[in-house]
Amino acid sequence: MAIQSSYQAINPRLKTHYAIYTSAITGLVMLLIIFEQLGFDRFWLSHVMIAVPILFVLAIGVMAFTREPDEFYISGRRVPAAFNGFTLVTAGFGSVGLLSLTGTLFFIGFDALSLVLGWTGGFVIMALLFMPYLRKAGAFTMPGYLALRFDSQLLRIAAIPVLLVPLFLILIAELKIGAFAASLVIELPRETLIWSAAIIVILTVIWGGVRGLTWTQCAQFILVLLGVLVPLAILAVQHTNLPFPQLTYGTLLDDLKQLELSSGLAAEATTTMSDALPLAKPTSLHKTFLQPFASISQLDFLALTLSVMFGIAALPSLLARAGTTTNVHAARNAAGWGLFLLGILLISAPAYAVFAKYITLRGLIGQPIDLAPEWTRELINNGLLILTDRNQDSRLELSDLSFARDGVLFLLPMAAEFPFILIMLTISAAIAAALAASAAHTTAIAAMVSDDLYHCILFRSASPSNRLTAGRVALIVTALVAAWLAISNEFDSLRLFAWALSIFASALFPVLLLSIWWKRCNTAGALAGLLIGFGTAAGYIYLTEILGQPQWFGVDNMVAAVFGTPAAFLATLIVSSITPAAPKHVGDLADEMMIPGGEAIFDRVRRAAARRRAVG
Amino acid sequence: MPNDPQRLYYKKRCRLLLIVSLATLIAATMVVPYFAPLLDGYKLFGFPIGFYLTAQGSIIICIGLVFWHVAKQNRADREFGIMEDY
């Protein structure tokens with residue numbers, strides 16, 4: 001059954017536009033490298049390299065201006081699959097993935113692969129179990145989906161606060177890392193940088209909402225890819241004569257092992273997870289790269305993988321993208337593209353960590369501390385590296401080196417003594433990743449507040465222009481509140497991210513899974529799952545982190561989903577079974593969601609409601 | 001017509017596809033890392049095999065899995081005529 005789409009056609013010149021953008025960025029880098037050779041002031045060069053991509057993004061944001069609620073909330077359902085893949089990666093990987101994951105791999109090597117596997121599996125689950133069915137449902141937001149699937153405003157009201165908490169946690173983490181990356185170039189206080197990041201986010205998405213978000217994220221993803229892959233490829237050519245570091249860093253692993261052994265890095269006994277995962281502040285190395293399960297036990301490894309996996313699979317900022325695809329087929333492909341592009345980054349991250357570890361250890365170990373290489377000065381000034389002479393023999397040993405986790409991404413181009421502009425390109429990429437992910441989470445929160453709370457609960461008869469105004473006000477308020485929260489707490493960004501994923505994995509994942517795949521699931525069950533999952537995970541984090549209570553069974557609160565997810569599954573299953581089945585029209589909705597063809601259920605329901613209003 | 005035989009066959013086929021895909025996912029992300037210590041003695045392009053399978057193999061398997069799953073699912077949808085034109 002061919003359905004005539006009521007939406008505009010896809011812009012046929014999208015690829016051309018992004019090809020021009022990519023050439024412009026490449027050209028900018030080349031030009032600045034020439035200026036650097038000519039001896040221009042580094043202050044201006046670095047600021048131009050940071051500012052121009054941001055100006056590009058702001059310009060794209062303004063060009064995406066819209067007066068249509070459908071454009072503002074679902075980008076007019078006409079984003080092609082590959083471009084949706086771009087946006088999925090920027091929102092799901094973000095700067096936490098780019099900076100903290102690379103840093104964690106640098107510190108604990110193999111054990112950090114639990115995060116990598118979690119990310120991969122999360123995208124697979126999203127592609128297989130969620131995306132096509134959420135596209136068929138077609139709601140703007142996750143509370144909107146639950147309200148549609150169960151025909152219940154109560155669930156909408158309950159889901160808003162439950163999802164707001166973890167979304168804010170993850171948004172704060174991204175803002176913090178963005179401010180950290182920017183602080184390496186722009187010498188302003190951290191508070192100012194966080195406020196400016198929030199303002200840039202507002203100015204990016206306020207014009208076009210999700211539409212602006214889509215096209216700016218695509219541009220930012222291209223910059224991220226350039227900023228990570230270019231330095232890595234150049235270094236790989238220097239060391240292995242091939243520009244594919246992902247394939248060739250195996251030969252480096254032996255050298256790294258020798259280097260680690262000769263510098264006295266010994267095999268280490270298993271520690272607790274919170275000791276094993278490095279914090280943002282500089283710490284020394286404790287673990288050899290290749291040794292499996294040395295800092296995290298096998299069970300903790302699995303818990304971390306599953307917690308990240310379910311959390312990413314149920315991340316509302318990603319799931320909201322389902323509504324923007326052209327049809328169910330495109331929704332499936334979008335998730336596939338997302339995983340493919342994510343895979344490029346995830347396969348590069350360990351290579352990046354290995355190269356960074358190899359060249360820094362080779363350059364530093366055994367050197368006299370007074371004659372430390374020139375490139376260390378910049379790192380030390382920025383607080384990314386600390387050299388201390390612990391045993392006063394004025395030679396650098398392993399225990400004398402402390403690295404900042406989030407700075408490892410910049411360690412590689414600095415230690416390899418690349419042109420200054422390439423270092424700035426990497427920093428620019430990190431800032432782009434942080435801004436893009438922040439914009440995605442801000443938009444997801446604002447959509448929940450302005451569409452679900454304002455339009456669907458408080459003012460059902462709001463006009464389109466009022467809805468857009470509400471959406472824009474919500475964006476401003478969200479970004480500013482997040483900036484204020486980011487300034488006023490000292491939590492580590494990787495931890496904030498892990499907590500957020502744990503809460504998504506507990507509160508949303510079981511309910512989402514059962515609501516799609518189990519027809520018997522009813523309003524009461526979903527409500528119970530949502531609240532009990534959230535209560536268990538968030539409560540455990542609150543008890544152990546804020547109130548300092550002892551851990552249950554030695555489970556770290558970063559994997560609070562260990563308790564939350566099973567509790568929510570049980571609650572949903574039991575409560576759904578003992579309460580009466582949902583009325584027939586709700587069961588029909590569940591059946592209809594499984595049929596890939598036809599228009600989105602949301603559009604049909606909305607049209608029917610409009611017709612009823614017109615008749616009545 | 002939720003109960004006509006063709007529809008039931010379609011449902012069964014989709015469910016089988018999903019089970020195979022999820023089993024692959026579990027194998028790639030939750031089983032492979034635990035065999036890494038056993039396989040690390042052997043080398044592939046200079047990588048210890050156990051590390052290689054965890055750091056790259058499982059990701060490549062997952063990417064292949066999603067595209068394979070999508071192609072299979074799309075073909076099933078087309079055959080049963082419940083996929084809109086694209």
# chains A, B, ... in the order shown; residues from 1 in each chain; ligands from 1

call {"tool": "residues_around", "arguments": {"residues": "A:Ala600", "least_positions_apart": "5", "cutoff": "10 Å", "atoms": "only C-alpha atoms", "output": "ChimeraX atom specification"}}
result
/A:133-139,323,327-328,592-593,605

call {"tool": "write_last_selection", "arguments": {"atoms": "N, CA and C atoms", "output": "mmCIF file, in the first residue's frame"}}
result
data_model
loop_
_atom_site.group_PDB
_atom_site.id
_atom_site.type_symbol
_atom_site.label_atom_id
_atom_site.label_comp_id
_atom_site.auth_asym_id
_atom_site.auth_seq_id
_atom_site.Cartn_x
_atom_site.Cartn_y
_atom_site.Cartn_z
ATOM 1 N N TYR A 133 9.981 0.294 14.956
ATOM 2 C CA TYR A 133 8.653 0.300 15.587
ATOM 3 C C TYR A 133 8.325 1.672 16.142
ATOM 4 N N LEU A 134 9.361 2.370 16.630
ATOM 5 C CA LEU A 134 9.123 3.737 17.091
ATOM 6 C C LEU A 134 8.826 4.646 15.911
ATOM 7 N N ARG A 135 9.441 4.364 14.743
ATOM 8 C CA ARG A 135 9.133 5.162 13.560
ATOM 9 C C ARG A 135 7.681 4.938 13.144
ATOM 10 N N LYS A 136 7.238 3.670 13.239
ATOM 11 C CA LYS A 136 5.852 3.396 12.880
ATOM 12 C C LYS A 136 4.908 4.117 13.847
ATOM 13 N N ALA A 137 5.261 4.128 15.140
ATOM 14 C CA ALA A 137 4.443 4.865 16.101
ATOM 15 C C ALA A 137 4.530 6.363 15.796
ATOM 16 N N GLY A 138 5.750 6.867 15.593
ATOM 17 C CA GLY A 138 5.918 8.213 15.057
ATOM 18 C C GLY A 138 5.728 9.363 16.026
ATOM 19 N N ALA A 139 5.780 9.114 17.338
ATOM 20 C CA ALA A 139 5.600 10.210 18.293
ATOM 21 C C ALA A 139 6.834 11.117 18.307
ATOM 22 N N GLY A 323 11.533 9.365 14.623
ATOM 23 C CA GLY A 323 10.458 10.124 13.999
ATOM 24 C C GLY A 323 10.890 10.948 12.803
ATOM 25 N N ASN A 327 10.646 6.740 6.315
ATOM 26 C CA ASN A 327 9.727 5.613 6.517
ATOM 27 C C ASN A 327 10.407 4.548 7.375
ATOM 28 N N VAL A 328 9.703 3.438 7.601
ATOM 29 C CA VAL A 328 10.244 2.407 8.492
ATOM 30 C C VAL A 328 11.543 1.845 7.940
ATOM 31 N N GLU A 592 -0.604 -2.885 15.254
ATOM 32 C CA GLU A 592 -0.331 -2.050 14.088
ATOM 33 C C GLU A 592 1.132 -1.612 14.044
ATOM 34 N N MET A 593 1.724 -1.431 15.251
ATOM 35 C CA MET A 593 3.112 -0.990 15.294
ATOM 36 C C MET A 593 4.055 -1.997 14.645
ATOM 37 N N VAL A 605 -3.618 9.300 14.262
ATOM 38 C CA VAL A 605 -4.359 9.662 15.477
ATOM 39 C C VAL A 605 -4.561 11.169 15.539
#

call {"tool": "residues_around", "arguments": {"residues": "A:Glu378", "least_positions_apart": "6", "cutoff": "10 Å", "atoms": "only C-alpha atoms", "output": "PyMOL selection string"}}
result
chain A and resi 184+384-385+414-415

call {"tool": "interface_residues", "arguments": {"of": "chain A", "to": "chain B", "cutoff": "7 Å", "atoms": "only C-alpha atoms", "output": "PDB file with C-alpha atoms, in the first residue's frame"}}
result
ATOM      1  CA  MET A   1       0.000   0.000   0.000  1.00  0.00           C
ATOM      2  CA  ALA A   2       1.676   3.131  -1.230  1.00  0.00           C
ATOM      3  CA  ILE A   3       0.941   6.089   0.984  1.00  0.00           C
ATOM      4  CA  LEU A 113      36.528  -2.418  25.919  1.00  0.00           C
ATOM      5  CA  LEU A 117      31.129  -3.275  23.435  1.00  0.00           C
ATOM      6  CA  THR A 120      28.141  -1.229  19.895  1.00  0.00           C
ATOM      7  CA  GLY A 121      25.506  -3.490  21.403  1.00  0.00           C
ATOM      8  CA  VAL A 124      22.416  -2.949  17.566  1.00  0.00           C
ATOM      9  CA  GLY A 250      48.826  -4.592  16.148  1.00  0.00           C
ATOM     10  CA  THR A 251      52.520  -4.437  15.322  1.00  0.00           C
ATOM     11  CA  PRO A 292      42.431  -8.691  30.277  1.00  0.00           C
ATOM     12  CA  LEU A 302      29.742  -7.733  31.974  1.00  0.00           C
ATOM     13  CA  ARG A 332      16.217   0.649   9.984  1.00  0.00           C
ATOM     14  CA  ASN A 333      18.892   1.893   7.624  1.00  0.00           C
ATOM     15  CA  GLY A 336      22.603   0.689  10.536  1.00  0.00           C
ATOM     16  CA  LEU A 339      26.356   1.841  13.941  1.00  0.00           C
ATOM     17  CA  PHE A 340      28.674   1.861  10.924  1.00  0.00           C
ATOM     18  CA  GLY A 343      32.083   1.592  14.531  1.00  0.00           C
ATOM     19  CA  ILE A 347      37.620   0.901  16.196  1.00  0.00           C
ATOM     20  CA  ILE A 595       3.351  -3.660  10.465  1.00  0.00           C
ATOM     21  CA  PRO A 596       6.089  -1.756   8.684  1.00  0.00           C
ATOM     22  CA  GLY A 597       4.008  -0.198   5.887  1.00  0.00           C
ATOM     23  CA  GLY A 598       1.564   2.684   6.034  1.00  0.00           C
TER      24      GLY A 598
END

call {"tool": "closest_residue", "arguments": {"among": "A:Leu128, A:Val511, A:Asp255, A:Arg78", "to": "B:Arg15", "atoms": "only C-alpha atoms"}}
result
A:Leu128

call {"tool": "residues_around", "arguments": {"residues": "A:Pro583", "least_positions_apart": "2", "cutoff": "12 Å", "atoms": "only C-alpha atoms", "output": "list in words"}}
result
Arg149, Phe150, Asp151, Ser152, Lys519, Arg520, Cys521, Asn522, Thr523, Thr579, Pro580, Ala581, His585, Val586, Gly587, Asp588, Leu589 and Ala590 of chain A

call {"tool": "closest_residue", "arguments": {"among": "A:Leu425, A:Phe110, A:Gly264, A:Ile359", "to": "A:Thr26", "atoms": "only C-alpha atoms"}}
result
A:Leu425

call {"tool": "atom_distance", "arguments": {"atom1": "atom CA of A:Leu226", "atom2": "atom CA of A:Ile423"}}
result
11.8 Å

call {"tool": "atom_distance", "arguments": {"atom1": "atom CA of A:Ser75", "atom2": "atom CA of A:Trp207"}}
result
12.1 Å

call {"tool": "atom_distance", "arguments": {"atom1": "atom CA of A:Phe140", "atom2": "atom CA of A:Leu453"}}
result
12.4 Å

call {"tool": "residues_around", "arguments": {"residues": "A:Leu203", "least_positions_apart": "2", "cutoff": "9 Å", "atoms": "only C-alpha atoms", "output": "list in words"}}
result
Leu58, Gly61, Val62, Ala198, Ile199, Ile200, Val201, Val205, Ile206, Trp207 and Ile476 of chain A

call {"tool": "select_by_dssp", "arguments": {"residues": "chain B", "states": "strand (DSSP E or B)", "output": "list of chain:residue names"}}
result
B:Lys43, B:Leu44, B:Phe47, B:Pro48
